[in-house]
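Asks: Structure supplied as start.cif; contents: mmCIF, C-alpha atoms and all ligand atoms.
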```
data_coords
#
loop_
_atom_site.label_atom_id
_atom_site.label_comp_id
_atom_site.auth_asym_id
_atom_site.auth_seq_id
_atom_site.Cartn_x
_atom_site.Cartn_y
_atom_site.Cartn_z
CA MET R 1 -27.42 35.37 27.21
CA THR R 2 -25.54 38.59 26.83
CA ASP R 3 -24.70 39.15 30.50
CA ALA R 4 -22.88 35.85 31.00
CA PRO R 5 -19.58 36.11 32.93
CA HIS R 6 -17.53 34.63 30.09
CA ARG R 7 -17.64 34.59 26.29
CA LEU R 8 -15.74 33.86 23.11
CA ASP R 9 -15.03 37.00 21.11
CA CYS R 10 -14.80 36.09 17.42
CA SER R 11 -13.46 38.45 14.77
CA ALA R 12 -15.18 38.21 11.39
CA ALA R 13 -12.50 40.48 9.91
CA ALA R 14 -9.71 38.15 11.04
CA LEU R 15 -11.61 35.06 9.87
CA THR R 16 -12.17 36.39 6.36
CA ALA R 17 -8.67 37.92 6.17
CA ASN R 18 -7.16 34.51 7.04
CA TRP R 19 -9.28 32.74 4.43
CA ARG R 20 -8.40 35.34 1.78
CA ALA R 21 -4.70 34.98 2.59
CA LEU R 22 -4.99 31.18 2.21
CA ALA R 23 -6.92 31.62 -1.04
CA ARG R 24 -4.10 33.84 -2.35
CA LEU R 25 -1.48 31.31 -1.27
CA SER R 26 -3.48 28.62 -3.09
CA GLY R 27 -2.60 30.35 -6.35
CA ALA R 28 -4.70 29.16 -9.26
CA ALA R 29 -6.50 26.59 -7.10
CA ALA R 30 -9.85 27.39 -5.51
CA CYS R 31 -9.88 27.53 -1.72
CA GLY R 32 -12.52 25.73 0.35
CA ALA R 33 -12.94 25.55 4.13
CA ALA R 34 -13.15 22.74 6.67
CA VAL R 35 -15.99 23.59 9.08
CA LYS R 36 -16.32 20.20 10.75
CA ALA R 37 -16.65 19.99 14.55
CA ASP R 38 -18.95 23.04 14.39
CA GLY R 39 -16.43 25.22 12.62
CA TYR R 40 -13.55 24.07 14.84
CA GLY R 41 -15.58 25.19 17.84
CA LEU R 42 -16.42 28.70 16.61
CA GLY R 43 -19.82 27.84 15.09
CA ALA R 44 -20.14 26.35 11.59
CA VAL R 45 -23.09 28.50 10.54
CA ALA R 46 -21.43 31.74 11.65
CA VAL R 47 -18.17 30.77 9.94
CA ALA R 48 -19.61 29.41 6.69
CA THR R 49 -22.03 32.29 6.09
CA ARG R 50 -19.17 34.80 6.47
CA LEU R 51 -16.80 32.80 4.30
CA THR R 52 -19.46 32.38 1.61
CA GLU R 53 -19.71 36.17 1.48
CA ALA R 54 -15.92 36.29 1.13
CA GLY R 55 -16.14 33.95 -1.88
CA CYS R 56 -15.67 30.45 -0.43
CA ARG R 57 -17.73 27.83 -2.30
CA ASP R 58 -16.72 24.45 -0.83
CA PHE R 59 -17.33 23.53 2.81
CA TYR R 60 -16.31 20.28 4.50
CA VAL R 61 -18.10 18.74 7.47
CA ALA R 62 -17.56 15.30 9.04
CA THR R 63 -21.08 13.92 9.37
CA TRP R 64 -24.56 14.24 7.90
CA ALA R 65 -25.80 15.69 11.17
CA GLU R 66 -23.28 18.50 10.74
CA ALA R 67 -24.40 18.92 7.12
CA ALA R 68 -28.06 19.11 8.18
CA ALA R 69 -27.24 21.78 10.75
CA LEU R 70 -25.35 23.89 8.22
CA ALA R 71 -27.30 23.36 4.99
CA PRO R 72 -30.30 25.63 5.76
CA ALA R 73 -27.97 28.59 6.36
CA LEU R 74 -26.38 28.13 2.92
CA ALA R 75 -29.54 27.06 1.05
CA GLY R 76 -30.16 28.92 -2.19
CA GLY R 77 -26.62 30.31 -2.17
CA PRO R 78 -23.63 29.42 -4.30
CA ALA R 79 -21.80 27.27 -1.72
CA ARG R 80 -21.85 23.47 -1.42
CA ILE R 81 -21.16 21.08 1.44
CA ALA R 82 -19.19 17.82 1.31
CA VAL R 83 -19.51 15.20 4.06
CA LEU R 84 -16.06 13.77 4.76
CA HIS R 85 -17.24 10.56 6.41
CA GLY R 86 -19.10 9.46 3.31
CA ALA R 87 -22.42 7.67 3.16
CA ARG R 88 -23.13 4.88 5.63
CA ALA R 89 -26.27 2.84 5.08
CA ALA R 90 -27.89 4.81 7.90
CA ASP R 91 -27.04 8.09 6.18
CA LEU R 92 -28.96 7.43 2.99
CA ALA R 93 -32.26 8.50 4.53
CA HIS R 94 -30.77 11.99 5.09
CA ALA R 95 -28.56 12.12 2.02
CA ASP R 96 -30.92 14.13 -0.18
CA LEU R 97 -30.10 17.53 1.31
CA PRO R 98 -29.79 20.04 -1.54
CA GLY R 99 -26.23 21.19 -2.14
CA VAL R 100 -24.73 18.41 0.00
CA ARG R 101 -22.68 15.50 -1.33
CA PRO R 102 -20.73 12.70 0.33
CA VAL R 103 -17.00 12.08 0.14
CA LEU R 104 -17.10 8.32 -0.46
CA SER R 105 -14.12 6.49 0.97
CA THR R 106 -14.75 2.75 0.70
CA ALA R 107 -15.78 0.41 -2.12
CA ALA R 108 -18.96 -0.42 -0.19
CA GLN R 109 -19.84 3.28 0.04
CA VAL R 110 -19.26 3.67 -3.69
CA ARG R 111 -21.57 0.73 -4.42
CA ARG R 112 -24.19 2.04 -2.02
CA TRP R 113 -24.13 5.51 -3.62
CA ARG R 114 -24.33 4.00 -7.11
CA GLU R 115 -27.50 2.13 -6.09
CA ALA R 116 -29.18 4.76 -3.92
CA GLY R 117 -27.66 8.04 -5.13
CA ALA R 118 -29.48 7.84 -8.46
CA GLY R 119 -26.68 9.53 -10.35
CA ARG R 120 -26.29 12.36 -7.87
CA ALA R 121 -22.91 14.04 -7.48
CA CYS R 122 -20.34 12.78 -5.03
CA ASP R 123 -16.69 13.22 -4.10
CA VAL R 124 -14.27 10.35 -3.46
CA MET R 125 -11.34 10.13 -1.02
CA VAL R 126 -8.30 8.15 -2.17
CA ASP R 127 -5.79 6.95 0.39
CA THR R 128 -2.28 7.78 -0.83
CA GLY R 129 -0.37 6.78 2.30
CA MET R 130 -2.03 8.06 5.46
CA ASN R 131 -3.91 4.80 5.89
CA ARG R 132 -6.90 6.52 7.42
CA LEU R 133 -9.90 6.94 5.09
CA GLY R 134 -10.03 6.30 1.36
CA VAL R 135 -10.18 3.82 -1.47
CA ALA R 136 -6.87 2.50 -2.80
CA PRO R 137 -5.33 3.90 -6.01
CA GLU R 138 -5.44 0.31 -7.36
CA GLU R 139 -9.23 0.21 -6.86
CA VAL R 140 -9.48 3.43 -8.88
CA ALA R 141 -7.31 1.91 -11.62
CA ASP R 142 -9.57 -1.17 -11.62
CA GLY R 143 -12.58 0.99 -12.50
CA LEU R 144 -14.29 1.29 -9.10
CA LEU R 145 -15.31 4.89 -9.85
CA ASP R 146 -16.35 4.43 -13.47
CA GLY R 147 -19.73 5.97 -14.21
CA LEU R 148 -19.99 7.92 -10.92
CA ALA R 149 -21.01 11.58 -11.09
CA LEU R 150 -17.67 12.45 -9.55
CA ASP R 151 -17.17 16.09 -8.61
CA THR R 152 -13.87 16.09 -6.70
CA LEU R 153 -11.22 13.45 -6.11
CA LEU R 154 -9.59 14.04 -2.73
CA SER R 155 -6.64 12.73 -0.80
CA HIS R 156 -5.30 13.84 2.59
CA LEU R 157 -1.70 14.44 3.68
CA ALA R 158 -0.47 12.76 6.85
CA CYS R 159 2.60 14.95 7.48
CA ALA R 160 1.96 18.30 5.79
CA ASP R 161 2.98 20.08 9.01
CA GLU R 162 6.44 18.49 8.65
CA PRO R 163 7.52 20.03 5.33
CA ASP R 164 10.64 17.84 5.07
CA HIS R 165 8.85 14.57 5.73
CA PRO R 166 9.41 12.21 2.78
CA LEU R 167 5.80 10.97 2.89
CA ASN R 168 4.61 14.33 1.51
CA ALA R 169 6.27 13.83 -1.88
CA VAL R 170 5.24 10.15 -1.94
CA GLN R 171 1.58 11.05 -1.38
CA ARG R 172 1.72 13.87 -3.90
CA ALA R 173 3.16 11.60 -6.59
CA ARG R 174 0.60 8.85 -5.97
CA PHE R 175 -2.20 11.42 -6.16
CA ALA R 176 -0.85 13.15 -9.28
CA ALA R 177 -0.69 9.76 -11.00
CA LEU R 178 -4.51 9.63 -10.80
CA ALA R 179 -4.94 12.80 -12.88
CA GLY R 180 -7.02 12.02 -15.95
CA ARG R 181 -7.74 8.49 -14.71
CA THR R 182 -11.21 9.34 -13.40
CA ALA R 183 -14.11 11.54 -14.49
CA ALA R 184 -13.45 13.91 -11.56
CA LYS R 185 -13.87 17.57 -12.41
CA ARG R 186 -11.37 18.59 -9.73
CA MET R 187 -8.59 17.19 -7.56
CA SER R 188 -7.89 18.32 -4.00
CA LEU R 189 -5.02 17.38 -1.69
CA ALA R 190 -3.90 20.23 0.57
CA ASN R 191 -5.12 21.09 4.08
CA SER R 192 -3.78 24.27 5.78
CA ALA R 193 -0.21 23.03 6.09
CA GLY R 194 -0.39 21.48 2.61
CA ILE R 195 -0.97 24.94 1.13
CA ALA R 196 2.41 26.00 2.50
CA LEU R 197 4.11 23.06 0.74
CA GLY R 198 3.79 24.96 -2.53
CA ALA R 199 2.06 24.94 -5.89
CA ASP R 200 2.81 21.26 -6.56
CA TYR R 201 0.40 20.41 -3.76
CA HIS R 202 -2.47 22.73 -4.68
CA PHE R 203 -4.12 20.85 -7.58
CA ASP R 204 -7.59 22.41 -8.25
CA LEU R 205 -8.93 23.01 -4.76
CA THR R 206 -7.39 23.42 -1.29
CA ARG R 207 -9.18 22.56 1.99
CA PRO R 208 -7.77 24.57 4.90
CA GLY R 209 -9.29 24.36 8.37
CA LEU R 210 -6.99 25.26 11.26
CA ALA R 211 -5.32 28.24 9.59
CA ILE R 212 -8.66 29.93 8.84
CA TYR R 213 -9.29 29.99 12.59
CA GLY R 214 -5.89 31.52 13.35
CA GLY R 215 -4.00 28.29 14.06
CA GLU R 216 -0.49 27.96 12.68
CA PRO R 217 0.24 24.44 11.46
CA VAL R 218 3.67 25.60 10.27
CA PRO R 219 5.57 28.76 11.24
CA ALA R 220 5.66 29.77 7.55
CA LEU R 221 1.94 30.59 7.75
CA GLY R 222 2.25 32.54 11.01
CA ALA R 223 3.17 35.78 9.27
CA VAL R 224 -0.09 35.92 7.30
CA LEU R 225 -2.59 34.71 9.93
CA ARG R 226 -4.36 36.52 12.76
CA PRO R 227 -6.04 35.10 15.86
CA VAL R 228 -9.80 34.84 15.35
CA ALA R 229 -11.15 33.75 18.74
CA THR R 230 -10.37 35.16 22.16
CA VAL R 231 -11.82 33.84 25.41
CA ALA R 232 -12.81 36.57 27.85
CA ALA R 233 -13.92 36.08 31.44
CA GLU R 234 -14.92 38.27 34.35
CA VAL R 235 -13.08 38.47 37.66
CA LEU R 236 -15.26 37.12 40.47
CA GLN R 237 -12.97 37.95 43.36
CA ARG R 238 -9.65 39.60 44.17
CA ARG R 239 -7.75 38.51 47.26
CA LEU R 240 -4.40 38.94 48.94
CA VAL R 241 -2.66 35.61 49.49
CA ARG R 242 -0.12 35.83 52.30
CA ALA R 243 3.40 34.51 51.83
CA GLY R 244 3.45 30.75 52.47
CA GLU R 245 -0.28 30.27 51.81
CA THR R 246 -1.40 28.06 48.92
CA VAL R 247 -3.94 28.52 46.11
CA GLY R 248 -6.41 26.06 44.64
CA TYR R 249 -7.01 22.30 44.60
CA ASN R 250 -4.25 20.18 46.06
CA ALA R 251 -2.46 23.32 47.18
CA THR R 252 0.03 23.05 44.34
CA TRP R 253 0.93 26.75 44.23
CA ARG R 254 2.48 28.41 47.26
CA ALA R 255 2.91 32.18 47.52
CA PRO R 256 6.61 33.09 47.70
CA ALA R 257 5.56 36.54 48.99
CA ASP R 258 2.29 38.33 49.68
CA THR R 259 0.52 38.07 46.31
CA ALA R 260 -2.53 39.73 44.76
CA VAL R 261 -4.64 36.98 43.19
CA VAL R 262 -7.75 37.25 41.03
CA ILE R 263 -10.24 34.43 40.44
CA ALA R 264 -11.78 34.42 36.97
CA ASN R 265 -15.04 32.91 35.79
CA LEU R 266 -13.55 30.23 33.51
CA GLY R 267 -12.47 26.64 33.88
CA TYR R 268 -11.86 23.36 32.16
CA ALA R 269 -15.59 22.88 31.57
CA ASP R 270 -15.25 25.89 29.26
CA GLY R 271 -12.32 24.33 27.44
CA TYR R 272 -9.74 26.17 29.53
CA HIS R 273 -7.90 22.93 30.01
CA ARG R 274 -6.36 21.63 33.21
CA ALA R 275 -3.11 21.30 31.25
CA LEU R 276 -2.91 25.10 31.51
CA SER R 277 -2.55 24.89 35.31
CA ASP R 278 0.51 27.04 36.25
CA ARG R 279 1.11 27.60 32.50
CA GLY R 280 -1.71 29.65 30.99
CA ARG R 281 -1.77 33.40 30.63
CA ALA R 282 -4.40 36.14 30.52
CA TYR R 283 -4.22 39.86 29.89
CA ALA R 284 -5.72 42.97 31.45
CA GLU R 285 -5.19 45.50 28.67
CA ASP R 286 -1.59 44.61 27.79
CA ALA R 287 -0.51 43.44 31.25
CA PRO R 288 0.01 39.67 31.44
CA LEU R 289 -1.37 37.64 34.36
CA PRO R 290 0.03 34.11 34.77
CA VAL R 291 -2.29 31.29 35.79
CA ILE R 292 -1.35 29.95 39.22
CA GLY R 293 -2.26 26.55 40.65
CA ARG R 294 -4.76 24.09 39.27
CA VAL R 295 -7.42 25.13 36.79
CA SER R 296 -10.79 24.18 38.35
CA MET R 297 -13.94 23.12 36.47
CA ASP R 298 -15.38 26.66 36.42
CA LEU R 299 -12.67 28.87 37.91
CA VAL R 300 -9.04 29.78 37.46
CA ALA R 301 -6.65 31.80 39.67
CA LEU R 302 -4.20 34.33 38.26
CA ASP R 303 -1.35 36.36 39.70
CA ALA R 304 -2.43 40.01 39.53
CA THR R 305 0.65 41.48 41.20
CA GLY R 306 0.92 45.15 40.33
CA ILE R 307 -2.18 45.09 38.13
CA ASP R 308 -5.15 47.23 39.05
CA ILE R 309 -8.07 44.91 38.33
CA GLY R 310 -10.73 43.45 40.56
CA GLU R 311 -14.24 42.11 40.92
CA GLY R 312 -16.30 42.77 37.78
CA ASP R 313 -13.34 43.54 35.50
CA TRP R 314 -12.71 41.39 32.43
CA LEU R 315 -9.65 39.44 31.38
CA ARG R 316 -8.71 38.30 27.89
CA PHE R 317 -7.13 34.86 27.73
CA ASP R 318 -4.16 34.40 25.45
CA PRO R 319 -5.49 33.94 21.88
CA ASP R 320 -2.05 32.86 20.58
CA LEU R 321 -2.79 29.24 19.65
CA PRO R 322 0.80 28.09 18.97
CA ALA R 323 1.95 29.57 22.30
CA THR R 324 -0.96 28.05 24.23
CA ALA R 325 -0.39 24.70 22.54
CA ALA R 326 3.29 24.79 23.50
CA ALA R 327 2.42 25.75 27.09
CA SER R 328 -0.22 23.05 27.52
CA GLY R 329 1.20 20.20 25.44
CA MET R 330 -2.15 20.06 23.63
CA SER R 331 -2.62 20.56 19.90
CA GLN R 332 -4.02 23.78 18.45
CA TYR R 333 -6.86 21.66 17.04
CA GLU R 334 -7.78 20.39 20.52
CA LEU R 335 -7.68 23.90 21.98
CA LEU R 336 -10.18 25.18 19.38
CA THR R 337 -12.54 22.21 19.23
CA GLY R 338 -12.60 21.90 23.04
CA LEU R 339 -13.98 25.42 23.58
CA GLY R 340 -16.97 25.00 25.88
CA ARG R 341 -20.61 25.32 24.86
CA ARG R 342 -21.13 27.68 27.80
CA LEU R 343 -19.14 30.45 26.11
CA GLU R 344 -21.34 32.69 24.01
CA ARG R 345 -19.80 33.09 20.54
CA ARG R 346 -19.92 36.83 20.03
CA TRP R 347 -19.04 37.93 16.47
CA ALA R 348 -17.86 41.41 15.73
C1 LIG R 401 -9.87 18.38 8.79
C2 LIG R 401 -9.53 18.17 7.37
C3 LIG R 401 -9.01 19.20 6.60
C4 LIG R 401 -8.55 20.51 7.19
O1 LIG R 401 -7.31 20.29 7.86
P1 LIG R 401 -6.51 21.43 8.63
O2 LIG R 401 -5.27 20.75 9.08
O3 LIG R 401 -7.36 21.87 9.77
O4 LIG R 401 -6.25 22.53 7.65
C5 LIG R 401 -8.85 18.97 5.24
N1 LIG R 401 -9.17 17.76 4.70
C6 LIG R 401 -9.64 16.74 5.42
C7 LIG R 401 -9.95 15.45 4.77
C8 LIG R 401 -9.82 16.90 6.79
O5 LIG R 401 -10.27 15.87 7.52
#
```
Go ahead and render the structure in this file as structure tokens.
Replies:
Amino acid sequence: MTDAPHRLDCSAAALTANWRALARLSGAAACGAAVKADGYGLGAVAVATRLTEAGCRDFYVATWAEAAALAPALAGGPARIAVLHGARAADLAHADLPGVRPVLSTAAQVRRWREAGAGRACDVMVDTGMNRLGVAPEEVADGLLDGLALDTLLSHLACADEPDHPLNAVQRARFAALAGRTAAKRMSLANSAGIALGADYHFDLTRPGLAIYGGEPVPALGAVLRPVATVAAEVLQRRLVRAGETVGYNATWRAPADTAVVIANLGYADGYHRALSDRGRAYAEDAPLPVIGRVSMDLVALDATGIDIGEGDWLRFDPDLPATAAASGMSQYELLTGLGRRLERRWA
């Protein structure tokens, strides 16, 4: 619907510029893209088709359902999809999508793929210290992966967004020790923040997610990234709130003086989280409007003092993910992936 009272404006130029910047920072390594959780909320098909045009060849989703939703859009093209959650028994029935391979992460998955995959390509995740998904380096040394059509050997960093954390170097060393120990064509360790850790962490292929979408996992990347997605919503009503009156549920905000207030068509059901009550910010042109009182399910109130906007005008909500994360106490990842289905993703 194009006349909806709220939308998500997505910039294809910013998306591809961010990916190209990350590809440059990846040096000699190729640069893939994590598009799980429907492209971090922006739309996996829209994101992956644009990034394929920009030169991206490796896309990561979490589940086979996500792979099935994305694969037709990339079919016949040069890009491939890897499914991070591997191949459960229930996945095998769907695991013959062309151009899609699993990232196997347990010995049982490896056995299952050996039996059912009929020699088809796969990736494998090794756990080097995060203790989340992955086979152990000892299992690799014991020959677990021998004979697999192994494309990429992956591991994942637990603390890449803390550059000084000692676990980074420990994980890197454990992963590097596997070089040449498997038939893998490529090795891949770094997510967005891992790219900023430097060339030692790049191996053959990097896998950024957050930074492509304008998130800043570490300040060092901030200088090269641009916001990609901006929530916009229409003003439903403008009112004058008299000094001493309150605004919104539970009357948490009280007007210190007569205050011009606008009510915008956006709420926590759209992913404008309740944690932004009294803390969020929108803009009319360049003029900032602070959120006042509680964010409702479908509405939010803003202080429009001195700003000439009213019913039918549009507001842009702050697209600065680090700032909004700091204001809300939520992570940049949650802010993106929580964006509501109701918002039309409008690419320009
Ligand atoms: C989500 C994910 C990524 C991307 O991480 P970002 O922090 O968003 O850059 C890379 N690799 C794996 C295994 C992931 O799960």
Asks: Please identify every polymer residue within 10 Å of ligand LIG 401 (chain R), using all atoms listed in the file, and present the set as a compact mmCIF listing (two decimals) with C-alpha atoms, in the frame of the given file.
Replies:
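Now in selection-v6.txt:
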```
# COMPACT_ATOMS: atom_id res chain seq x y z
CA GLY R 32 -12.52 25.73 0.35
CA ALA R 33 -12.94 25.55 4.13
CA ALA R 34 -13.15 22.74 6.67
CA VAL R 35 -15.99 23.59 9.08
CA LYS R 36 -16.32 20.20 10.75
CA ALA R 37 -16.65 19.99 14.55
CA TYR R 40 -13.55 24.07 14.84
CA PHE R 59 -17.33 23.53 2.81
CA TYR R 60 -16.31 20.28 4.50
CA VAL R 61 -18.10 18.74 7.47
CA ALA R 62 -17.56 15.30 9.04
CA VAL R 83 -19.51 15.20 4.06
CA LEU R 84 -16.06 13.77 4.76
CA HIS R 85 -17.24 10.56 6.41
CA VAL R 103 -17.00 12.08 0.14
CA MET R 125 -11.34 10.13 -1.02
CA ARG R 132 -6.90 6.52 7.42
CA LEU R 133 -9.90 6.94 5.09
CA GLY R 134 -10.03 6.30 1.36
CA LEU R 154 -9.59 14.04 -2.73
CA SER R 155 -6.64 12.73 -0.80
CA HIS R 156 -5.30 13.84 2.59
CA LEU R 157 -1.70 14.44 3.68
CA ALA R 158 -0.47 12.76 6.85
CA CYS R 159 2.60 14.95 7.48
CA ALA R 160 1.96 18.30 5.79
CA ASP R 161 2.98 20.08 9.01
CA SER R 188 -7.89 18.32 -4.00
CA LEU R 189 -5.02 17.38 -1.69
CA ALA R 190 -3.90 20.23 0.57
CA ASN R 191 -5.12 21.09 4.08
CA SER R 192 -3.78 24.27 5.78
CA ALA R 193 -0.21 23.03 6.09
CA GLY R 194 -0.39 21.48 2.61
CA ILE R 195 -0.97 24.94 1.13
CA THR R 206 -7.39 23.42 -1.29
CA ARG R 207 -9.18 22.56 1.99
CA PRO R 208 -7.77 24.57 4.90
CA GLY R 209 -9.29 24.36 8.37
CA LEU R 210 -6.99 25.26 11.26
CA ALA R 211 -5.32 28.24 9.59
CA ILE R 212 -8.66 29.93 8.84
CA TYR R 213 -9.29 29.99 12.59
CA GLY R 215 -4.00 28.29 14.06
CA GLU R 216 -0.49 27.96 12.68
CA PRO R 217 0.24 24.44 11.46
CA GLN R 332 -4.02 23.78 18.45
CA TYR R 333 -6.86 21.66 17.04
```
Asks: Tell me which of R:Pro322, R:Gly222, R:Gly76, R:Pro102 sits closest to Arg88 of chain R, counting all atoms listed in the file.
Replies: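 Among the listed residues, the smallest separation from Arg88 of chain R belongs to R:Pro102.
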Asks: Name the closest residue to Met297 of chain R among the candidates R:Glu285, R:Asp127, R:Asp270, R:Glu53; distances are taken between atoms, counting all atoms listed in the file.
Replies: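 Counting all atoms listed in the file, the residue closest to Met297 of chain R is R:Asp270.
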Asks: What does the structure give for the distance between atom CA of Asp9 of chain R and atom CA of Tyr249 of chain R, in Å to one decimal?
Replies: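 Value for the atom CA of Asp9 of chain R-atom CA of Tyr249 of chain R distance: 28.8 Å.
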Asks: Write out as a list of chain:residue names which residues come within 8 Å of Met187 of chain R when counting all atoms listed in the file, dropping same-chain ones fewer than 3 positions away.
Replies: R:Thr152, R:Leu153, R:Leu154, R:Ala179, R:Ala184, R:Phe203, R:Asp204, R:Leu205
Asks: Neighbourhood query: residues within 8 Å of (-16.6, 20.3, -5.3), file coordinates, counting all atoms listed in the file; return as a list in words.
Replies: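 Result, sorted by chain then residue number: Asp58, Arg80, Ala82, Asp123, Asp151, Thr152 and Arg186 of chain R.
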Asks: For a quick check of understanding, using all atoms listed in the file, which of R:Leu339, R:Ala65, R:Leu25, R:Val261 has the smallest distance to Gly310 of chain R?
Replies: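 Closest residue, counting all atoms listed in the file: R:Val261.
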Asks: Using only C-alpha atoms, find the one residue out of R:Ala304, R:Leu315, R:Ala229, R:Leu335 that sits nearest to Leu276 of chain R.
Replies: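 Nearest to Leu276 of chain R: R:Leu335.
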Asks: Please, could N, CA, C and O atoms be added to segment 211-223 of chain R and the result written as a tab-separated table (two decimals), in the coordinates of the input?
Replies:
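The resulting selection-v3.tsv:
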```tsv
chain	number	residue	atom	x	y	z
R	211	ALA	N	-5.90	26.92	9.85
R	211	ALA	CA	-5.32	28.24	9.59
R	211	ALA	C	-6.38	29.32	9.44
R	211	ALA	O	-6.13	30.49	9.74
R	212	ILE	N	-7.57	28.94	8.96
R	212	ILE	CA	-8.66	29.93	8.84
R	212	ILE	C	-9.00	30.48	10.22
R	212	ILE	O	-9.34	31.65	10.38
R	213	TYR	N	-8.89	29.61	11.22
R	213	TYR	CA	-9.29	29.99	12.59
R	213	TYR	C	-8.13	30.58	13.38
R	213	TYR	O	-8.21	30.74	14.60
R	214	GLY	N	-7.02	30.87	12.69
R	214	GLY	CA	-5.89	31.52	13.35
R	214	GLY	C	-4.84	30.56	13.87
R	214	GLY	O	-3.86	30.99	14.47
R	215	GLY	N	-5.04	29.25	13.66
R	215	GLY	CA	-4.00	28.29	14.06
R	215	GLY	C	-2.86	28.34	13.07
R	215	GLY	O	-3.02	28.78	11.93
R	216	GLU	N	-1.67	27.94	13.53
R	216	GLU	CA	-0.49	27.96	12.68
R	216	GLU	C	0.10	26.57	12.58
R	216	GLU	O	0.90	26.18	13.43
R	217	PRO	N	-0.27	25.80	11.56
R	217	PRO	CA	0.24	24.44	11.46
R	217	PRO	C	1.74	24.41	11.19
R	217	PRO	O	2.43	23.48	11.59
R	218	VAL	N	2.23	25.44	10.50
R	218	VAL	CA	3.67	25.60	10.27
R	218	VAL	C	4.01	27.07	10.46
R	218	VAL	O	3.20	27.95	10.14
R	219	PRO	N	5.21	27.36	10.99
R	219	PRO	CA	5.57	28.76	11.24
R	219	PRO	C	5.49	29.62	9.99
R	219	PRO	O	5.18	30.81	10.07
R	220	ALA	N	5.70	29.01	8.80
R	220	ALA	CA	5.66	29.77	7.55
R	220	ALA	C	4.33	30.49	7.36
R	220	ALA	O	4.27	31.54	6.73
R	221	LEU	N	3.25	29.95	7.90
R	221	LEU	CA	1.94	30.59	7.75
R	221	LEU	C	1.67	31.65	8.81
R	221	LEU	O	0.75	32.46	8.68
R	222	GLY	N	2.49	31.64	9.87
R	222	GLY	CA	2.25	32.54	11.01
R	222	GLY	C	2.20	33.99	10.60
R	222	GLY	O	1.38	34.77	11.08
R	223	ALA	N	3.05	34.37	9.65
R	223	ALA	CA	3.17	35.78	9.27
R	223	ALA	C	1.89	36.31	8.63
R	223	ALA	O	1.64	37.51	8.66
```
